[in-house]
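Coordinates as given in final_15.cif (mmCIF, C-alpha atoms):
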```cif
data_protein
loop_
_atom_site.group_PDB
_atom_site.id
_atom_site.type_symbol
_atom_site.label_atom_id
_atom_site.label_comp_id
_atom_site.auth_asym_id
_atom_site.auth_seq_id
_atom_site.Cartn_x
_atom_site.Cartn_y
_atom_site.Cartn_z
ATOM 1 C CA MET A 783 14.064 -9.629 -18.918
ATOM 2 C CA PRO A 784 17.116 -7.563 -17.871
ATOM 3 C CA ASN A 785 18.487 -9.188 -14.733
ATOM 4 C CA GLU A 786 19.805 -5.912 -13.324
ATOM 5 C CA GLU A 787 16.351 -4.340 -13.394
ATOM 6 C CA TYR A 788 13.915 -7.185 -12.664
ATOM 7 C CA ILE A 789 14.625 -10.190 -10.454
ATOM 8 C CA ILE A 790 12.164 -13.089 -10.397
ATOM 9 C CA LYS A 791 11.781 -14.128 -6.741
ATOM 10 C CA GLN A 792 9.012 -16.706 -7.231
ATOM 11 C CA SER A 793 7.578 -18.353 -10.305
ATOM 12 C CA TYR A 794 4.999 -21.110 -10.659
ATOM 13 C CA LYS A 795 2.764 -21.992 -13.570
ATOM 14 C CA GLU A 796 0.425 -24.779 -14.566
ATOM 15 C CA LEU A 797 -2.063 -24.808 -17.407
ATOM 16 C CA PRO A 798 -5.698 -24.325 -16.374
ATOM 17 C CA PRO A 799 -8.347 -26.623 -17.846
ATOM 18 C CA SER A 800 -9.581 -25.520 -21.247
ATOM 19 C CA GLY A 801 -12.501 -23.127 -20.961
ATOM 20 C CA ASP A 802 -12.038 -22.472 -17.244
ATOM 21 C CA GLU A 803 -12.837 -18.870 -16.277
ATOM 22 C CA LEU A 804 -9.932 -17.151 -14.558
ATOM 23 C CA CYS A 805 -9.489 -14.455 -11.910
ATOM 24 C CA LEU A 806 -6.449 -12.238 -11.373
ATOM 25 C CA SER A 807 -4.915 -10.917 -8.165
ATOM 26 C CA LEU A 808 -2.277 -8.238 -8.663
ATOM 27 C CA TYR A 809 -0.161 -6.647 -5.912
ATOM 28 C CA LEU A 810 1.935 -3.599 -6.816
ATOM 29 C CA THR A 811 4.525 -1.758 -4.730
ATOM 30 C CA PRO A 812 7.377 0.578 -5.726
ATOM 31 C CA HIS A 813 9.688 -2.416 -5.375
ATOM 32 C CA SER A 814 7.689 -5.425 -6.558
ATOM 33 C CA PHE A 815 5.189 -6.755 -9.076
ATOM 34 C CA THR A 816 3.347 -9.868 -7.895
ATOM 35 C CA TYR A 817 0.392 -11.654 -9.406
ATOM 36 C CA ALA A 818 -1.637 -14.831 -9.007
ATOM 37 C CA ILE A 819 -4.118 -16.370 -11.436
ATOM 38 C CA PHE A 820 -6.979 -18.320 -9.854
ATOM 39 C CA ASN A 821 -9.940 -20.304 -11.073
ATOM 40 C CA SER A 822 -13.345 -18.630 -10.949
ATOM 41 C CA HIS A 823 -13.971 -19.667 -7.320
ATOM 42 C CA TYR A 824 -10.540 -18.613 -6.007
ATOM 43 C CA SER A 825 -10.027 -22.167 -4.818
ATOM 44 C CA LYS A 826 -7.132 -23.059 -7.122
ATOM 45 C CA VAL A 827 -3.972 -21.125 -8.030
ATOM 46 C CA TYR A 828 -2.728 -21.826 -11.550
ATOM 47 C CA GLU A 829 0.015 -19.246 -11.715
ATOM 48 C CA LEU A 830 1.980 -17.144 -9.241
ATOM 49 C CA CYS A 831 4.913 -14.864 -9.906
ATOM 50 C CA GLU A 832 6.820 -12.277 -7.868
ATOM 51 C CA VAL A 833 9.202 -9.876 -9.592
ATOM 52 C CA GLU A 834 11.445 -7.555 -7.610
ATOM 53 C CA ILE A 835 11.857 -4.162 -9.264
ATOM 54 C CA THR A 836 15.400 -3.080 -8.496
ATOM 55 C CA ALA A 837 16.900 0.407 -8.440
ATOM 56 C CA TYR A 838 19.127 -0.452 -11.385
ATOM 57 C CA GLY A 839 18.573 -0.601 -15.114
ATOM 58 C CA LYS A 840 16.752 2.174 -16.956
ATOM 59 C CA GLN A 841 16.643 4.905 -14.347
ATOM 60 C CA SER A 842 14.644 7.122 -16.718
ATOM 61 C CA GLN A 843 11.755 4.663 -16.673
ATOM 62 C CA SER A 844 8.944 5.477 -14.276
ATOM 63 C CA LEU A 845 7.289 2.855 -12.092
ATOM 64 C CA THR A 846 4.263 3.040 -14.403
ATOM 65 C CA GLU A 847 6.446 2.208 -17.412
ATOM 66 C CA LYS A 848 8.023 -0.710 -15.564
ATOM 67 C CA ILE A 849 4.637 -2.139 -14.561
ATOM 68 C CA PHE A 850 3.436 -1.653 -18.160
ATOM 69 C CA PHE A 851 6.444 -3.691 -19.316
ATOM 70 C CA LEU A 852 5.845 -6.450 -16.759
ATOM 71 C CA ILE A 853 2.154 -6.792 -17.629
ATOM 72 C CA HIS A 854 3.151 -7.322 -21.262
ATOM 73 C CA ASN A 855 6.141 -9.500 -20.438
ATOM 74 C CA HIS A 856 3.918 -11.909 -18.497
ATOM 75 C CA LEU A 857 1.162 -11.721 -21.144
ATOM 76 C CA LEU A 858 -1.465 -10.670 -18.611
ATOM 77 C CA HIS A 859 -2.910 -8.204 -21.117
ATOM 78 C CA GLN A 860 -3.722 -11.112 -23.462
ATOM 79 C CA LYS A 861 -5.851 -13.011 -20.965
ATOM 80 C CA LYS A 862 -9.503 -12.478 -20.144
ATOM 81 C CA PHE A 863 -10.298 -12.448 -16.441
ATOM 82 C CA GLU A 864 -13.739 -12.834 -14.939
ATOM 83 C CA LYS A 865 -12.621 -10.779 -11.934
ATOM 84 C CA THR A 866 -9.523 -8.704 -11.234
ATOM 85 C CA ASN A 867 -8.381 -7.422 -7.840
ATOM 86 C CA ILE A 868 -5.494 -4.950 -7.766
ATOM 87 C CA CYS A 869 -3.749 -3.812 -4.594
ATOM 88 C CA ILE A 870 -1.446 -0.775 -4.643
ATOM 89 C CA LEU A 871 0.956 -0.015 -1.797
ATOM 90 C CA ASN A 872 2.284 3.534 -1.556
ATOM 91 C CA SER A 873 2.575 6.419 0.909
ATOM 92 C CA ASP A 874 -0.061 8.663 -0.685
ATOM 93 C CA PHE A 875 -2.920 8.063 1.741
ATOM 94 C CA THR A 876 -4.665 9.473 4.779
ATOM 95 C CA LEU A 877 -7.426 8.345 7.151
ATOM 96 C CA VAL A 878 -10.255 10.714 8.032
ATOM 97 C CA PRO A 879 -13.185 10.233 10.440
ATOM 98 C CA GLU A 880 -16.265 9.754 8.290
ATOM 99 C CA SER A 881 -18.165 12.404 10.246
ATOM 100 C CA PHE A 882 -15.561 15.012 9.183
ATOM 101 C CA SER A 883 -15.220 13.921 5.578
ATOM 102 C CA SER A 884 -16.968 15.394 2.588
ATOM 103 C CA GLY A 885 -16.226 16.227 -1.012
ATOM 104 C CA GLU A 886 -12.899 15.942 -2.796
ATOM 105 C CA PHE A 887 -9.880 14.701 -0.805
ATOM 106 C CA LYS A 888 -7.208 15.793 -3.292
ATOM 107 C CA HIS A 889 -6.141 18.878 -1.338
ATOM 108 C CA LEU A 890 -6.160 16.991 1.958
ATOM 109 C CA LEU A 891 -3.895 14.320 0.464
ATOM 110 C CA GLN A 892 -1.574 16.969 -0.932
ATOM 111 C CA PHE A 893 -1.349 18.554 2.512
ATOM 112 C CA THR A 894 -0.875 15.372 4.571
ATOM 113 C CA THR A 895 1.538 13.633 2.183
ATOM 114 C CA GLY A 896 3.399 16.676 0.858
ATOM 115 C CA ASN A 897 2.877 15.342 -2.670
ATOM 116 C CA GLN A 898 1.622 18.308 -4.715
ATOM 117 C CA THR A 899 1.404 16.213 -7.893
ATOM 118 C CA ILE A 900 -1.723 14.392 -6.666
ATOM 119 C CA LYS A 901 -4.527 15.067 -9.143
ATOM 120 C CA ILE A 902 -7.228 12.524 -8.282
ATOM 121 C CA SER A 903 -8.159 10.855 -5.000
ATOM 122 C CA ARG A 904 -10.000 7.627 -4.283
ATOM 123 C CA GLU A 905 -11.556 6.466 -1.059
ATOM 124 C CA HIS A 906 -12.714 3.419 0.897
ATOM 125 C CA LYS A 907 -15.055 3.315 3.869
ATOM 126 C CA ILE A 908 -13.733 1.251 6.786
ATOM 127 C CA LYS A 909 -15.542 1.224 10.099
ATOM 128 C CA ASP A 910 -16.229 4.924 10.796
ATOM 129 C CA LEU A 911 -13.259 6.091 8.705
ATOM 130 C CA LYS A 912 -12.623 7.152 5.145
ATOM 131 C CA PHE A 913 -9.374 5.751 3.764
ATOM 132 C CA CYS A 914 -8.309 8.217 1.075
ATOM 133 C CA PHE A 915 -5.480 7.509 -1.351
ATOM 134 C CA SER A 916 -4.037 8.392 -4.697
ATOM 135 C CA ALA A 917 -1.836 6.719 -7.281
ATOM 136 C CA ASN A 918 -0.217 7.807 -10.506
ATOM 137 C CA GLN A 919 -3.046 8.584 -12.931
ATOM 138 C CA ASP A 920 -1.192 7.070 -15.894
ATOM 139 C CA LEU A 921 -0.807 3.859 -13.929
ATOM 140 C CA ILE A 922 -4.497 3.785 -12.989
ATOM 141 C CA SER A 923 -5.494 4.492 -16.603
ATOM 142 C CA ASP A 924 -3.289 1.669 -17.890
ATOM 143 C CA LEU A 925 -4.620 -0.784 -15.315
ATOM 144 C CA GLU A 926 -8.223 0.095 -16.130
ATOM 145 C CA ARG A 927 -7.492 -0.243 -19.840
ATOM 146 C CA PHE A 928 -5.865 -3.662 -19.453
ATOM 147 C CA PHE A 929 -8.414 -4.900 -16.892
ATOM 148 C CA PRO A 930 -11.747 -3.083 -17.409
ATOM 149 C CA ASN A 931 -13.456 -4.941 -14.551
ATOM 150 C CA ALA A 932 -10.664 -4.314 -12.038
ATOM 151 C CA SER A 933 -11.261 -3.428 -8.411
ATOM 152 C CA ILE A 934 -8.328 -1.136 -7.559
ATOM 153 C CA ARG A 935 -7.670 -0.598 -3.852
ATOM 154 C CA HIS A 936 -4.933 0.640 -1.573
ATOM 155 C CA SER A 937 -3.108 -2.109 0.301
ATOM 156 C CA GLY A 938 -3.798 -0.294 3.574
ATOM 157 C CA ALA A 939 -7.557 -0.484 3.155
ATOM 158 C CA VAL A 940 -7.269 -4.186 2.330
ATOM 159 C CA ALA A 941 -4.945 -4.808 5.292
ATOM 160 C CA ILE A 942 -7.317 -3.069 7.712
ATOM 161 C CA ASP A 943 -10.358 -4.920 6.376
ATOM 162 C CA LEU A 944 -8.604 -8.295 6.632
ATOM 163 C CA PHE A 945 -7.320 -7.412 10.109
ATOM 164 C CA PHE A 946 -10.908 -7.272 11.335
ATOM 165 C CA SER A 947 -12.245 -10.231 9.354
ATOM 166 C CA GLN A 948 -9.607 -12.762 8.263
ATOM 167 C CA HIS A 949 -9.557 -15.836 10.505
ATOM 168 C CA SER A 950 -5.815 -15.786 11.256
ATOM 169 C CA LEU A 951 -5.765 -12.075 12.172
ATOM 170 C CA ILE A 952 -9.021 -11.439 13.942
ATOM 171 C CA LYS A 953 -7.734 -12.249 17.457
ATOM 172 C CA SER A 954 -4.595 -10.108 17.176
ATOM 173 C CA ASN A 955 -4.396 -6.416 18.022
ATOM 174 C CA LEU A 956 -1.274 -5.645 15.974
ATOM 175 C CA PHE A 957 -0.529 -6.614 12.370
ATOM 176 C CA LEU A 958 2.812 -6.303 10.574
ATOM 177 C CA SER A 959 2.822 -6.874 6.810
ATOM 178 C CA ILE A 960 6.293 -7.015 5.249
ATOM 179 C CA SER A 961 6.862 -6.265 1.555
ATOM 180 C CA ASN A 962 10.024 -5.556 -0.414
ATOM 181 C CA GLY A 963 11.353 -2.265 0.947
ATOM 182 C CA MET A 964 8.119 -1.323 2.755
ATOM 183 C CA ILE A 965 6.125 -2.434 5.774
ATOM 184 C CA GLU A 966 2.562 -1.810 6.901
ATOM 185 C CA LEU A 967 1.605 -1.580 10.565
ATOM 186 C CA VAL A 968 -2.013 -1.807 11.715
ATOM 187 C CA GLY A 969 -3.322 -1.600 15.264
ATOM 188 C CA LYS A 970 -6.816 -2.028 16.659
ATOM 189 C CA GLU A 971 -8.483 -1.477 20.010
ATOM 190 C CA ASN A 972 -12.078 -2.131 21.097
ATOM 191 C CA ASN A 973 -12.960 -3.241 17.567
ATOM 192 C CA GLN A 974 -11.802 0.084 16.104
ATOM 193 C CA VAL A 975 -8.776 1.113 14.053
ATOM 194 C CA LEU A 976 -6.084 2.398 16.412
ATOM 195 C CA PHE A 977 -3.516 3.259 13.742
ATOM 196 C CA TYR A 978 -2.258 2.430 10.279
ATOM 197 C CA ASN A 979 0.976 3.524 8.662
ATOM 198 C CA VAL A 980 3.486 2.633 5.954
ATOM 199 C CA PHE A 981 7.254 2.791 6.411
ATOM 200 C CA LYS A 982 10.133 2.363 3.994
ATOM 201 C CA TYR A 983 13.051 0.306 5.277
ATOM 202 C CA ASP A 984 16.568 -0.615 4.226
ATOM 203 C CA ASN A 985 17.326 -3.342 6.748
ATOM 204 C CA ASN A 986 15.897 -5.439 9.591
ATOM 205 C CA GLU A 987 16.896 -2.852 12.188
ATOM 206 C CA ASP A 988 14.614 -0.310 10.500
ATOM 207 C CA VAL A 989 11.628 -2.668 10.683
ATOM 208 C CA LEU A 990 12.247 -3.425 14.349
ATOM 209 C CA TYR A 991 12.616 0.270 15.143
ATOM 210 C CA TYR A 992 9.323 1.261 13.481
ATOM 211 C CA LEU A 993 7.481 -1.611 15.150
ATOM 212 C CA LEU A 994 8.735 -0.849 18.650
ATOM 213 C CA PHE A 995 8.410 2.914 18.190
ATOM 214 C CA MET A 996 4.767 2.565 17.136
ATOM 215 C CA MET A 997 4.076 0.343 20.124
ATOM 216 C CA GLU A 998 5.694 2.860 22.443
ATOM 217 C CA GLN A 999 3.688 5.745 20.977
ATOM 218 C CA PHE A 1000 0.421 3.913 21.593
ATOM 219 C CA GLN A 1001 1.539 2.419 24.919
ATOM 220 C CA LEU A 1002 1.184 -1.193 23.817
ATOM 221 C CA ASN A 1003 2.653 -3.627 26.328
ATOM 222 C CA PRO A 1004 5.044 -6.041 24.532
ATOM 223 C CA LEU A 1005 4.115 -8.752 27.033
ATOM 224 C CA GLU A 1006 0.403 -8.446 26.290
ATOM 225 C CA VAL A 1007 0.147 -7.408 22.657
ATOM 226 C CA LYS A 1008 -0.749 -10.095 20.116
ATOM 227 C CA LEU A 1009 1.218 -9.518 16.920
ATOM 228 C CA SER A 1010 0.447 -11.236 13.613
ATOM 229 C CA ILE A 1011 3.031 -11.145 10.822
ATOM 230 C CA ALA A 1012 2.564 -11.605 7.093
ATOM 231 C CA GLY A 1013 5.251 -11.466 4.435
ATOM 232 C CA ASN A 1014 7.785 -13.550 2.582
ATOM 233 C CA ARG A 1015 9.964 -14.201 5.610
ATOM 234 C CA ASP A 1016 10.660 -17.661 7.050
ATOM 235 C CA LEU A 1017 9.925 -18.518 10.668
ATOM 236 C CA ASN A 1018 13.648 -18.611 11.462
ATOM 237 C CA ASP A 1019 14.388 -15.332 9.665
ATOM 238 C CA GLU A 1020 16.700 -13.028 11.640
ATOM 239 C CA LEU A 1021 14.054 -10.285 11.712
ATOM 240 C CA ILE A 1022 11.482 -12.674 13.161
ATOM 241 C CA LYS A 1023 13.969 -13.811 15.797
ATOM 242 C CA SER A 1024 14.655 -10.192 16.758
ATOM 243 C CA ILE A 1025 10.944 -9.380 17.043
ATOM 244 C CA LYS A 1026 10.386 -12.372 19.317
ATOM 245 C CA LYS A 1027 13.031 -11.050 21.707
ATOM 246 C CA TYR A 1028 10.796 -8.051 22.421
ATOM 247 C CA ILE A 1029 7.245 -9.298 21.850
ATOM 248 C CA LYS A 1030 5.987 -12.365 23.675
ATOM 249 C CA GLN A 1031 2.962 -13.329 21.572
ATOM 250 C CA VAL A 1032 3.915 -13.530 17.890
ATOM 251 C CA TYR A 1033 1.727 -15.317 15.355
ATOM 252 C CA PHE A 1034 1.746 -15.741 11.593
ATOM 253 C CA ALA A 1035 -0.977 -14.952 9.117
ATOM 254 C CA VAL A 1036 -2.175 -17.775 6.875
ATOM 255 C CA HIS A 1037 -4.151 -17.664 3.668
ATOM 256 C CA GLU A 1038 -7.776 -18.737 3.429
ATOM 257 C CA PRO A 1039 -8.172 -22.540 3.756
ATOM 258 C CA THR A 1040 -10.358 -22.514 0.634
ATOM 259 C CA VAL A 1041 -7.318 -21.578 -1.499
ATOM 260 C CA LEU A 1042 -5.602 -24.676 -2.879
ATOM 261 C CA LEU A 1043 -1.873 -24.410 -3.531
ATOM 262 C CA SER A 1044 -0.334 -27.237 -5.520
ATOM 263 C CA ASN A 1045 3.146 -28.672 -5.839
ATOM 264 C CA GLU A 1046 5.938 -26.282 -4.736
ATOM 265 C CA LEU A 1047 3.469 -23.544 -3.807
ATOM 266 C CA ASN A 1048 2.123 -25.776 -1.066
ATOM 267 C CA ASP A 1049 5.626 -26.005 0.415
ATOM 268 C CA LEU A 1050 5.846 -22.247 0.964
ATOM 269 C CA PRO A 1051 5.230 -20.931 4.503
ATOM 270 C CA LYS A 1052 1.574 -19.949 4.918
ATOM 271 C CA GLN A 1053 2.427 -16.298 5.649
ATOM 272 C CA TYR A 1054 3.918 -15.893 2.167
ATOM 273 C CA ASN A 1055 1.969 -13.878 -0.440
ATOM 274 C CA PHE A 1056 -0.686 -13.063 2.154
ATOM 275 C CA THR A 1057 -2.244 -9.970 0.563
ATOM 276 C CA LEU A 1058 -2.009 -11.481 -2.901
ATOM 277 C CA LEU A 1059 -3.856 -14.663 -1.905
ATOM 278 C CA ASN A 1060 -6.436 -13.032 0.371
ATOM 279 C CA GLN A 1061 -7.444 -9.723 -1.169
ATOM 280 C CA HIS A 1062 -10.362 -11.342 -3.003
ATOM 281 C CA VAL A 1063 -12.161 -11.955 0.331
ATOM 282 C CA CYS A 1064 -11.872 -8.274 1.276
ATOM 283 C CA ALA A 1065 -15.365 -6.769 1.455
ATOM 284 C CA LEU A 1066 -14.477 -3.207 0.384
#
```
Translate this file's structure into structure tokens.
Amino acid sequence: MPNEEYIIKQSYKELPPSGDELCLSLYLTPHSFTYAIFNSHYSKVYELCEVEITAYGKQSQSLTEKIFFLIHNHLLHQKKFEKTNICILNSDFTLVPESFSSGEFKHLLQFTTGNQTIKISREHKIKDLKFCFSANQDLISDLERFFPNASIRHSGAVAIDLFFSQHSLIKSNLFLSISNGMIELVGKENNQVLFYNVFKYDNNEDVLYYLLFMMEQFQLNPLEVKLSIAGNRDLNDELIKSIKKYIKQVYFAVHEPTVLLSNELNDLPKQYNFTLLNQHVCAL
């Protein structure tokens, strides 16, 4: 694997028992390819790998071509999975009140995102909202060909659903999910979605700016707000330290207690790989 184009950030593998049915969790962003292979009950992780997709290497290759390569490189296309959950994080989405939504959302997505190449839209129902999104059709076609039983969802819909249901998030009113090069911010009020957005970032200062700006726009008191954080950042990370200077109540998301992580995976902070290890409990 060309080092300048793909960097392995995490890698763990153990052989599952012979004949054990397997499930796949796949998390895709413009900057990363992460997967976990579970047993049929999602109680045991046999394999976990995170690959950072850098801006170097074959610039002519599209993200779809890079993901195609990584699926083959990690032999995921050769395995049979009882269930497959795929999460896609991108900026091609919009939220619409269900009472105002009907028909095809392609033109609405083109208008709200400015992306005129959108051809097909998908949607999730969350609370009284429709979460509409799109992804590259070649990518979707490849994923459905490799994994015919796949449930393909936008990371935002999964994040919102978990925000209202996952045990480590349910008492917070602000959720920050940090991925390579992108963050997701979710807010709730009176058991309803207050906001959701995705931001690209280059450094810690960008993340802090978007977080505080969003709080200011929605008049969230930093002394009262309860913020939960998920992402592959340690508790003593400089970004976390900076956030704690401004927000009094900061907590960390943890994966479902039913998920067993063995050996070095168990030594990772519990907020690591949050979406990857929890998307299977999402009720969408």
request  = Check which residues satisfy the PyMOL selection byres ((chain A and resi 1000) around 12) in the file shown, then give them as a list in words.
outcome  =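 For this structure, the PyMOL selection byres ((chain A and resi 1000) around 12) resolves to Asn955, Leu956, Val968, Gly969, Lys970, Glu971, Leu976, Phe977, Tyr978, Leu993, Leu994, Phe995, Met996, Met997, Glu998, Gln999, Gln1001, Leu1002, Asn1003, Pro1004 and Val1007 of chain A.
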request  = Compare A:Ser873, A:Ile922, A:Leu911, A:Ser793 by their minimum atom-to-atom distance to Thr811 of chain A, counting all atoms listed in the file, and give me the closest one.
outcome  =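 When distances to Thr811 of chain A are compared using all atoms listed in the file, the smallest one comes from A:Ser873.
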query = How would you write, as a ChimeraX atom specification, the residues chosen by the PyMOL selection byres ((chain A and resi 1060) around 9) on this structure?
reply = /A:807,944,948,1037-1038,1041,1055-1059,1061-1064
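Here atom CA of Glu834 of chain A stands at a distance of 24.0 Å from atom CA of Leu797 of chain A.
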ask   = Mind telling me what the PyMOL selection byres ((chain A and resi 1043) around 12) catches here, as a PyMOL selection string?
value = chain A and resi 794-796+818-821+824-830+1037-1042+1044-1052+1054-1055+1059
Output C-alpha atoms for every residue in that selection, as a short mmCIF file (atom, residue, chain, number, x, y, z; two decimals), keeping the file's coordinate frame.
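Now in part-v2.cif:
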```
data_model
loop_
_atom_site.label_atom_id
_atom_site.label_comp_id
_atom_site.auth_asym_id
_atom_site.auth_seq_id
_atom_site.Cartn_x
_atom_site.Cartn_y
_atom_site.Cartn_z
CA TYR A 794 5.00 -21.11 -10.66
CA LYS A 795 2.76 -21.99 -13.57
CA GLU A 796 0.42 -24.78 -14.57
CA ALA A 818 -1.64 -14.83 -9.01
CA ILE A 819 -4.12 -16.37 -11.44
CA PHE A 820 -6.98 -18.32 -9.85
CA ASN A 821 -9.94 -20.30 -11.07
CA TYR A 824 -10.54 -18.61 -6.01
CA SER A 825 -10.03 -22.17 -4.82
CA LYS A 826 -7.13 -23.06 -7.12
CA VAL A 827 -3.97 -21.12 -8.03
CA TYR A 828 -2.73 -21.83 -11.55
CA GLU A 829 0.02 -19.25 -11.72
CA LEU A 830 1.98 -17.14 -9.24
CA HIS A 1037 -4.15 -17.66 3.67
CA GLU A 1038 -7.78 -18.74 3.43
CA PRO A 1039 -8.17 -22.54 3.76
CA THR A 1040 -10.36 -22.51 0.63
CA VAL A 1041 -7.32 -21.58 -1.50
CA LEU A 1042 -5.60 -24.68 -2.88
CA SER A 1044 -0.33 -27.24 -5.52
CA ASN A 1045 3.15 -28.67 -5.84
CA GLU A 1046 5.94 -26.28 -4.74
CA LEU A 1047 3.47 -23.54 -3.81
CA ASN A 1048 2.12 -25.78 -1.07
CA ASP A 1049 5.63 -26.00 0.42
CA LEU A 1050 5.85 -22.25 0.96
CA PRO A 1051 5.23 -20.93 4.50
CA LYS A 1052 1.57 -19.95 4.92
CA TYR A 1054 3.92 -15.89 2.17
CA ASN A 1055 1.97 -13.88 -0.44
CA LEU A 1059 -3.86 -14.66 -1.90
#
```
remark   = Restricting to only C-alpha atoms, whichever of A:Ser1024, A:Leu1009, A:Tyr809, A:Thr894 is closest to Ile853 of chain A is A:Tyr809
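Going from atom CA of Leu857 of chain A to atom CA of Ser961 of chain A covers 24.0 Å.
With all atoms listed in the file taken into account, the protein and nucleic acid residues at most 7 Å from Phe887 of chain A (excluding it and anything under 4 positions from it in its own chain) are Leu891, Ser903 and Cys914 of chain A.
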query = Between atom CA of Ser933 of chain A and atom CA of Tyr1033 of chain A, what is the distance, to one decimal in Å?
reply =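 Result for atom CA of Ser933 of chain A versus atom CA of Tyr1033 of chain A: 29.6 Å, one decimal.
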Mind rebuilding segment 997-1011 of chain A with N, CA, C and O atoms and writing that out as an mmCIF file, keeping the file's coordinate frame?
```
data_model
loop_
_atom_site.group_PDB
_atom_site.id
_atom_site.type_symbol
_atom_site.label_atom_id
_atom_site.label_comp_id
_atom_site.auth_asym_id
_atom_site.auth_seq_id
_atom_site.Cartn_x
_atom_site.Cartn_y
_atom_site.Cartn_z
ATOM 1 N N MET A 997 4.627 0.910 18.897
ATOM 2 C CA MET A 997 4.076 0.343 20.124
ATOM 3 C C MET A 997 4.270 1.293 21.303
ATOM 4 O O MET A 997 3.370 1.461 22.133
ATOM 5 N N GLU A 998 5.428 1.919 21.361
ATOM 6 C CA GLU A 998 5.694 2.860 22.443
ATOM 7 C C GLU A 998 4.753 4.067 22.366
ATOM 8 O O GLU A 998 4.218 4.518 23.387
ATOM 9 N N GLN A 999 4.539 4.571 21.146
ATOM 10 C CA GLN A 999 3.688 5.745 20.977
ATOM 11 C C GLN A 999 2.255 5.480 21.417
ATOM 12 O O GLN A 999 1.578 6.371 21.940
ATOM 13 N N PHE A 1000 1.796 4.256 21.229
ATOM 14 C CA PHE A 1000 0.421 3.913 21.593
ATOM 15 C C PHE A 1000 0.350 3.094 22.884
ATOM 16 O O PHE A 1000 -0.693 2.523 23.211
ATOM 17 N N GLN A 1001 1.474 3.041 23.595
ATOM 18 C CA GLN A 1001 1.539 2.419 24.919
ATOM 19 C C GLN A 1001 1.037 0.971 24.894
ATOM 20 O O GLN A 1001 0.232 0.562 25.725
ATOM 21 N N LEU A 1002 1.530 0.216 23.926
ATOM 22 C CA LEU A 1002 1.184 -1.193 23.817
ATOM 23 C C LEU A 1002 2.223 -2.022 24.563
ATOM 24 O O LEU A 1002 3.420 -1.925 24.288
ATOM 25 N N ASN A 1003 1.773 -2.804 25.505
ATOM 26 C CA ASN A 1003 2.653 -3.627 26.328
ATOM 27 C C ASN A 1003 3.180 -4.811 25.516
ATOM 28 O O ASN A 1003 2.391 -5.640 25.049
ATOM 29 N N PRO A 1004 4.501 -4.937 25.337
ATOM 30 C CA PRO A 1004 5.044 -6.041 24.532
ATOM 31 C C PRO A 1004 4.789 -7.419 25.130
ATOM 32 O O PRO A 1004 4.900 -8.422 24.429
ATOM 33 N N LEU A 1005 4.439 -7.467 26.411
ATOM 34 C CA LEU A 1005 4.115 -8.752 27.033
ATOM 35 C C LEU A 1005 2.663 -9.146 26.795
ATOM 36 O O LEU A 1005 2.308 -10.319 26.927
ATOM 37 N N GLU A 1006 1.829 -8.179 26.449
ATOM 38 C CA GLU A 1006 0.403 -8.446 26.290
ATOM 39 C C GLU A 1006 -0.083 -8.366 24.845
ATOM 40 O O GLU A 1006 -1.070 -8.995 24.484
ATOM 41 N N VAL A 1007 0.606 -7.592 24.023
ATOM 42 C CA VAL A 1007 0.147 -7.408 22.657
ATOM 43 C C VAL A 1007 0.231 -8.721 21.874
ATOM 44 O O VAL A 1007 1.118 -9.546 22.092
ATOM 45 N N LYS A 1008 -0.735 -8.922 20.988
ATOM 46 C CA LYS A 1008 -0.749 -10.095 20.116
ATOM 47 C C LYS A 1008 -0.447 -9.622 18.695
ATOM 48 O O LYS A 1008 -1.251 -8.943 18.070
ATOM 49 N N LEU A 1009 0.736 -9.972 18.211
ATOM 50 C CA LEU A 1009 1.218 -9.518 16.920
ATOM 51 C C LEU A 1009 1.110 -10.629 15.879
ATOM 52 O O LEU A 1009 1.603 -11.738 16.095
ATOM 53 N N SER A 1010 0.469 -10.321 14.758
ATOM 54 C CA SER A 1010 0.447 -11.236 13.613
ATOM 55 C C SER A 1010 1.343 -10.668 12.516
ATOM 56 O O SER A 1010 1.343 -9.460 12.268
ATOM 57 N N ILE A 1011 2.079 -11.557 11.856
ATOM 58 C CA ILE A 1011 3.031 -11.145 10.822
ATOM 59 C C ILE A 1011 2.694 -11.838 9.510
ATOM 60 O O ILE A 1011 2.425 -13.041 9.471
#
```
